[in-house]
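Novice: Contents of coords.txt (compact mmCIF, C-alpha atoms) are below:
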```txt
# COMPACT_ATOMS: atom_id res chain seq x y z
CA MET A 1 -21.37 -0.84 4.47
CA SER A 2 -21.55 -4.04 2.52
CA ASP A 3 -24.60 -6.22 2.58
CA TYR A 4 -23.48 -9.69 3.53
CA GLY A 5 -25.07 -13.03 4.12
CA VAL A 6 -23.72 -16.23 5.62
CA VAL A 7 -24.29 -19.85 4.75
CA LEU A 8 -24.25 -22.21 7.69
CA VAL A 9 -22.88 -25.64 6.92
CA PRO A 10 -22.82 -28.97 8.78
CA SER A 11 -19.05 -29.26 9.13
CA THR A 12 -15.71 -27.67 8.44
CA SER A 13 -15.11 -29.89 5.44
CA HIS A 14 -18.42 -28.67 4.01
CA ALA A 15 -17.23 -25.12 4.54
CA ILE A 16 -14.02 -25.83 2.67
CA ARG A 17 -15.89 -27.41 -0.23
CA ALA A 18 -18.45 -24.60 -0.27
CA GLU A 19 -15.68 -22.04 -0.51
CA ARG A 20 -13.96 -23.96 -3.28
CA VAL A 21 -17.04 -24.32 -5.50
CA CYS A 22 -17.95 -20.67 -5.00
CA HIS A 23 -14.47 -19.55 -5.94
CA LEU A 24 -14.61 -21.73 -9.04
CA ALA A 25 -17.92 -20.07 -9.89
CA GLY A 26 -16.23 -16.67 -9.63
CA LEU A 27 -18.08 -15.66 -6.48
CA LYS A 28 -16.41 -13.52 -3.86
CA VAL A 29 -16.83 -15.43 -0.64
CA LYS A 30 -14.93 -15.67 2.62
CA LEU A 31 -14.72 -18.34 5.30
CA ILE A 32 -15.46 -16.75 8.65
CA PRO A 33 -16.11 -18.00 12.17
CA THR A 34 -19.83 -18.54 12.57
CA PRO A 35 -21.27 -15.32 14.04
CA ARG A 36 -22.13 -15.70 17.72
CA HIS A 37 -25.83 -15.04 17.30
CA LEU A 38 -26.24 -17.79 14.71
CA SER A 39 -26.29 -21.24 16.20
CA SER A 40 -24.53 -23.88 14.19
CA ASN A 41 -22.91 -27.28 14.58
CA CYS A 42 -19.94 -25.89 12.76
CA GLY A 43 -17.76 -23.03 13.88
CA THR A 44 -16.96 -22.02 10.33
CA ALA A 45 -19.40 -20.41 7.92
CA LEU A 46 -19.26 -18.95 4.44
CA ARG A 47 -19.81 -15.23 4.00
CA PHE A 48 -21.00 -13.87 0.68
CA ASP A 49 -22.34 -10.70 -0.88
CA TRP A 50 -26.08 -10.76 -0.38
CA ALA A 51 -26.53 -9.62 -3.98
CA GLU A 52 -25.03 -12.96 -5.04
CA ARG A 53 -27.27 -15.06 -2.83
CA GLU A 54 -28.88 -16.99 -5.67
CA ALA A 55 -25.59 -17.65 -7.42
CA VAL A 56 -24.10 -19.00 -4.20
CA GLU A 57 -27.06 -21.29 -3.60
CA GLU A 58 -26.88 -22.47 -7.19
CA ALA A 59 -23.16 -23.23 -6.91
CA LEU A 60 -23.69 -25.25 -3.73
CA ARG A 61 -26.63 -27.19 -5.20
CA ALA A 62 -24.90 -27.92 -8.49
CA ASN A 63 -21.93 -29.38 -6.62
CA ASN A 64 -23.94 -31.25 -4.00
CA VAL A 65 -22.58 -29.33 -1.07
CA ASP A 66 -25.03 -29.66 1.83
CA TYR A 67 -25.84 -26.55 3.81
CA ASP A 68 -28.01 -25.71 6.78
CA GLY A 69 -29.32 -22.34 5.76
CA PHE A 70 -28.82 -18.83 4.50
CA HIS A 71 -28.85 -15.83 6.82
CA ARG A 72 -28.65 -12.18 6.06
CA MET A 73 -26.22 -10.35 8.28
CA ASP A 74 -27.84 -7.35 9.93
CA TRP A 75 -24.79 -5.17 10.31
CA MET B 1 30.13 17.43 15.80
CA VAL B 2 28.57 15.15 13.23
CA LYS B 3 29.60 11.53 13.29
CA VAL B 4 29.36 9.72 9.96
CA VAL B 5 28.40 6.07 9.74
CA ASP B 6 28.96 4.51 6.36
CA ALA B 7 26.62 1.53 6.38
CA ARG B 8 26.57 0.91 2.64
CA GLY B 9 26.95 -2.74 1.80
CA LEU B 10 26.47 -3.85 5.39
CA PRO B 11 23.99 -6.65 6.08
CA CYS B 12 21.01 -6.16 8.37
CA PRO B 13 21.03 -5.31 11.28
CA GLN B 14 24.53 -3.81 11.13
CA PRO B 15 23.42 -0.34 9.95
CA VAL B 16 21.12 -0.07 12.99
CA ILE B 17 23.79 -1.27 15.40
CA ASN B 18 26.44 1.08 14.04
CA THR B 19 24.05 4.03 14.10
CA ARG B 20 23.04 3.25 17.64
CA LYS B 21 26.67 3.12 18.72
CA ALA B 22 27.40 6.43 17.03
CA LEU B 23 24.42 8.07 18.71
CA ALA B 24 25.82 7.02 22.08
CA GLU B 25 28.86 9.16 21.31
CA ALA B 26 27.53 12.07 19.29
CA ASP B 27 24.44 14.27 19.18
CA GLN B 28 24.37 14.34 15.42
CA VAL B 29 24.93 11.35 13.22
CA THR B 30 24.76 10.93 9.48
CA THR B 31 24.23 7.34 8.43
CA ILE B 32 24.69 6.43 4.79
CA VAL B 33 22.76 3.40 3.56
CA ASP B 34 22.21 1.90 0.14
CA ASN B 35 18.79 0.32 0.41
CA GLU B 36 15.29 1.15 1.56
CA THR B 37 15.00 -1.53 4.21
CA ALA B 38 18.10 -0.26 5.97
CA GLN B 39 16.77 3.27 5.65
CA GLN B 40 13.48 2.31 7.28
CA ASN B 41 15.11 0.31 10.06
CA VAL B 42 17.59 3.03 10.97
CA THR B 43 14.91 5.70 10.76
CA ARG B 44 12.53 3.74 12.93
CA MET B 45 15.17 3.09 15.58
CA ALA B 46 16.18 6.74 15.62
CA GLU B 47 12.65 8.13 15.76
CA LYS B 48 11.67 5.69 18.46
CA ALA B 49 14.58 7.04 20.45
CA GLY B 50 13.29 10.58 20.10
CA CYS B 51 15.61 11.71 17.31
CA THR B 52 14.64 13.60 14.20
CA VAL B 53 15.68 12.18 10.87
CA ARG B 54 16.18 14.12 7.66
CA VAL B 55 16.54 12.06 4.49
CA GLU B 56 18.76 13.13 1.64
CA GLN B 57 18.94 11.10 -1.56
CA ARG B 58 22.30 11.29 -3.25
CA ASP B 59 23.78 9.45 -6.19
CA ASP B 60 26.05 7.42 -3.95
CA GLY B 61 23.52 6.53 -1.28
CA ILE B 62 20.74 7.56 1.07
CA TYR B 63 21.99 9.99 3.69
CA LEU B 64 20.11 9.96 6.95
CA HIS B 65 20.84 13.04 9.03
CA ILE B 66 19.93 12.15 12.58
CA SER B 67 19.72 14.68 15.43
CA LYS B 68 18.96 13.92 19.03
CA GLY B 69 15.83 15.67 20.19
CA GLU B 70 14.73 16.72 23.64
CA ALA B 71 12.57 13.63 23.93
CA PRO B 72 13.15 11.31 26.88
CA GLY B 73 13.77 8.50 24.44
CA ASN B 74 17.44 9.42 24.56
CA GLN B 75 17.79 7.07 27.48
CA VAL B 76 18.03 4.36 24.84
CA PHE B 77 21.65 5.30 24.41
CA ALA B 78 22.51 5.07 28.08
CA GLU B 79 24.94 2.41 29.19
CA LYS B 80 22.20 -0.09 29.93
CA PRO B 81 19.79 -0.92 27.14
CA GLY B 82 16.54 0.99 27.26
CA PHE B 83 12.97 -0.22 27.01
CA SER B 84 13.23 -2.04 30.31
CA THR B 85 10.97 0.42 32.06
CA ALA B 86 7.79 -0.26 30.10
CA PRO B 87 4.75 0.08 32.33
CA ALA B 88 2.75 -3.02 33.18
CA GLY B 89 -0.10 -1.59 31.17
CA GLY B 90 2.10 -1.23 28.09
CA PRO B 91 1.25 -2.14 24.53
CA LEU B 92 -0.62 -5.31 23.67
CA VAL B 93 1.54 -7.28 21.27
CA LEU B 94 0.31 -10.22 19.23
CA VAL B 95 2.94 -12.64 17.99
CA VAL B 96 2.26 -14.81 14.93
CA PRO B 97 5.02 -17.40 14.45
CA SER B 98 3.27 -19.55 11.86
CA GLU B 99 1.01 -19.32 8.86
CA PHE B 100 -1.25 -21.78 10.68
CA MET B 101 -3.14 -21.44 13.95
CA GLY B 102 -2.02 -24.22 16.23
CA GLN B 103 -0.40 -27.47 15.29
CA GLY B 104 -2.05 -30.56 13.95
CA GLU B 105 -1.65 -33.14 11.28
CA HIS B 106 -3.75 -31.18 8.79
CA ALA B 107 -2.47 -27.82 7.63
CA GLU B 108 -5.87 -27.10 6.07
CA LEU B 109 -7.47 -26.78 9.49
CA GLY B 110 -4.75 -24.52 10.80
CA GLU B 111 -5.26 -22.26 7.80
CA ILE B 112 -9.01 -22.05 8.33
CA LEU B 113 -8.46 -21.18 11.97
CA ILE B 114 -5.98 -18.43 11.28
CA ARG B 115 -8.24 -16.93 8.63
CA GLY B 116 -11.08 -16.99 11.11
CA PHE B 117 -8.88 -15.46 13.76
CA PHE B 118 -7.86 -12.44 11.73
CA HIS B 119 -11.41 -11.90 10.55
CA THR B 120 -12.58 -11.94 14.16
CA LEU B 121 -9.81 -9.61 15.26
CA GLY B 122 -11.58 -6.89 13.32
CA GLU B 123 -14.68 -7.33 15.46
CA VAL B 124 -13.46 -7.84 19.01
CA GLU B 125 -11.73 -5.81 21.71
CA PRO B 126 -9.06 -5.12 22.64
CA VAL B 127 -7.27 -4.57 19.37
CA PRO B 128 -3.53 -5.26 19.61
CA ASP B 129 -1.17 -2.30 19.34
CA THR B 130 1.33 -4.33 17.38
CA ILE B 131 1.22 -7.62 15.48
CA ILE B 132 4.54 -9.31 14.79
CA PHE B 133 4.90 -11.96 12.11
CA PHE B 134 7.90 -14.22 11.97
CA ASN B 135 8.97 -17.63 10.74
CA SER B 136 6.29 -18.93 8.32
CA GLY B 137 3.90 -16.37 9.82
CA VAL B 138 5.33 -13.83 7.37
CA LYS B 139 3.48 -15.61 4.57
CA LEU B 140 0.35 -13.95 5.93
CA VAL B 141 1.45 -10.39 5.12
CA VAL B 142 2.31 -10.91 1.46
CA GLU B 143 0.33 -10.65 -1.76
CA GLY B 144 -2.14 -13.48 -2.17
CA SER B 145 -2.36 -14.20 1.56
CA PRO B 146 -5.89 -15.15 2.59
CA VAL B 147 -5.84 -12.63 5.46
CA VAL B 148 -4.23 -9.67 3.74
CA GLU B 149 -7.48 -7.69 3.56
CA ASP B 150 -8.18 -8.20 7.24
CA LEU B 151 -4.66 -7.09 8.06
CA GLN B 152 -4.96 -4.02 5.87
CA ALA B 153 -8.15 -3.06 7.69
CA LEU B 154 -6.37 -3.44 11.04
CA HIS B 155 -3.40 -1.46 9.74
CA GLU B 156 -5.72 1.37 8.72
CA ARG B 157 -7.09 1.42 12.24
CA GLY B 158 -3.60 2.10 13.52
CA VAL B 159 -2.36 -1.38 14.35
CA GLU B 160 1.39 -1.62 13.79
CA ILE B 161 2.26 -4.63 11.65
CA LEU B 162 5.84 -5.87 11.66
CA ALA B 163 7.15 -8.69 9.51
CA CYS B 164 10.53 -10.31 10.10
CA GLY B 165 12.83 -9.37 7.22
CA THR B 166 15.05 -12.39 7.68
CA CYS B 167 12.01 -14.65 7.36
CA LEU B 168 10.66 -12.85 4.27
CA GLY B 169 14.10 -13.21 2.73
CA TYR B 170 14.25 -16.88 3.60
CA TYR B 171 10.99 -17.51 1.75
CA GLY B 172 11.91 -15.16 -1.10
CA LEU B 173 8.95 -12.90 -0.30
CA LYS B 174 10.67 -9.63 0.51
CA ASP B 175 9.29 -7.81 -2.52
CA LYS B 176 5.79 -9.24 -2.08
CA VAL B 177 4.88 -7.57 1.19
CA ALA B 178 1.32 -6.25 0.94
CA VAL B 179 0.80 -4.85 4.42
CA GLY B 180 2.93 -3.53 7.25
CA GLU B 181 6.63 -2.95 7.55
CA VAL B 182 9.65 -5.13 7.05
CA SER B 183 11.34 -5.31 10.39
CA ASN B 184 14.39 -6.73 12.12
CA MET B 185 15.18 -8.65 15.28
CA TYR B 186 16.01 -5.49 17.20
CA THR B 187 12.59 -3.97 16.65
CA ILE B 188 10.89 -7.30 17.19
CA ALA B 189 12.75 -8.02 20.41
CA GLU B 190 12.13 -4.48 21.69
CA ALA B 191 8.44 -4.66 20.87
CA MET B 192 8.07 -7.98 22.68
CA LEU B 193 10.15 -7.10 25.72
CA GLY B 194 8.55 -3.67 26.01
CA ALA B 195 5.02 -5.01 25.81
CA GLY B 196 2.50 -4.89 28.62
CA LYS B 197 1.24 -8.22 27.38
CA VAL B 198 2.37 -10.57 24.63
CA VAL B 199 -0.15 -12.96 23.12
CA ASN B 200 1.52 -15.76 21.22
CA LEU B 201 -0.72 -17.28 18.62
```
As structure tokens, please, write out the structure in this file.
Specialist:
Amino acid sequence: MSDYGVVLVPSTSHAIRAERVCHLAGLKVKLIPTPRHLSSNCGTALRFDWAEREAVEEALRANNVDYDGFHRMDW
Amino acid sequence: MVKVVDARGLPCPQPVINTRKALAEADQVTTIVDNETAQQNVTRMAEKAGCTVRVEQRDDGIYLHISKGEAPGNQVFAEKPGFSTAPAGGPLVLVVPSEFMGQGEHAELGEILIRGFFHTLGEVEPVPDTIIFFNSGVKLVVEGSPVVEDLQALHERGVEILACGTCLGYYGLKDKVAVGEVSNMYTIAEAMLGAGKVVNL
């Protein structure tokens, strides 16, 4: 079972940008529908390997992509 | 008596049609084809109809030795076409006619939605029995598709994945298929008409 986290973002266009900058940084991420139990303004979220949490945050910061928060998935 | 159908060089779906006709007249049919897609399509049709298929590779073609079994599927070869008696609670078939989910002025959104959809499909019930991809939808089953991993996971769980061969050919993607089977209009039409429920994406 993989250990995943999700980044919640303010909008779909943020999600698209977040995915793009993470891909450019060589991070394995995936756009997914925001999990039901996480409340968000945006229906799309970015899933990542929890082991790469810091790298993902760094990539978003360095490229000025706003985000609402990081959550660890508990399944 | 064995009836021989030489389907070498015939375009899809002629090998299937000719085999089907022959099976209406004989209990044993040997169909000769010259490519793998035709082999798969003929085999699938025959097995679905309750026949057994033995494959023999020869220098001059692939010989498919087809024998009618005892299975009730033989009704397929009756005068009227079969598959009209599917129970109301028959298979759940999902139809994907586009590489995008919905229509709108921005393809980017439709792509995000369809990616989200196939991700979610791995987490919700009920899981479709069959997913059929046609028109630009076939772009989703080939190498480099953003949903290919989700589809592979569904395939491993037993979901049948059919991609329209004509459509793959149209886009030049026939040799790039990464998940599921290349299919034809006969199988697609039968799957849809024989479904308990068809969900059109």
Novice: Could you tell me how far CA of Asn184 (chain B) lies from CA of Thr37 (chain B), in Å and to one decimal?
Specialist: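 Taking CA of Asn184 (chain B) as the start and CA of Thr37 (chain B) as the end point, the length is 9.5 Å.
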Novice: Compare B:Glu160, B:Asp129, B:Glu149, B:Asp6 by their minimum atom-to-atom distance to chain A, counting all atoms listed in the file, and give me the closest one.
Specialist: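 Closest to chain A, using all atoms listed in the file: B:Glu149.
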Novice: May I ask for the distance between CA of Leu27 (chain A) and CA of Val177 (chain B), given in Å to one decimal place?
Specialist: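 Computing it gives 25.5 Å between the two atoms.
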Novice: Near chain B, which residues of chain A fall within 12 Å when you count only C-alpha atoms, and what do they look like as a PyMOL selection string?
Specialist: chain A and resi 11-13+15-17+19+29-36+43-47+75
Novice: For Ala25 (chain A), work out the shell of residues within 9 Å, counting all atoms listed in the file and skipping chain neighbours fewer than 6 positions away, then give it as a list in words.
Specialist: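 Close residues of Ala25 (chain A): Ala55, Val56 and Ala59 of chain A.
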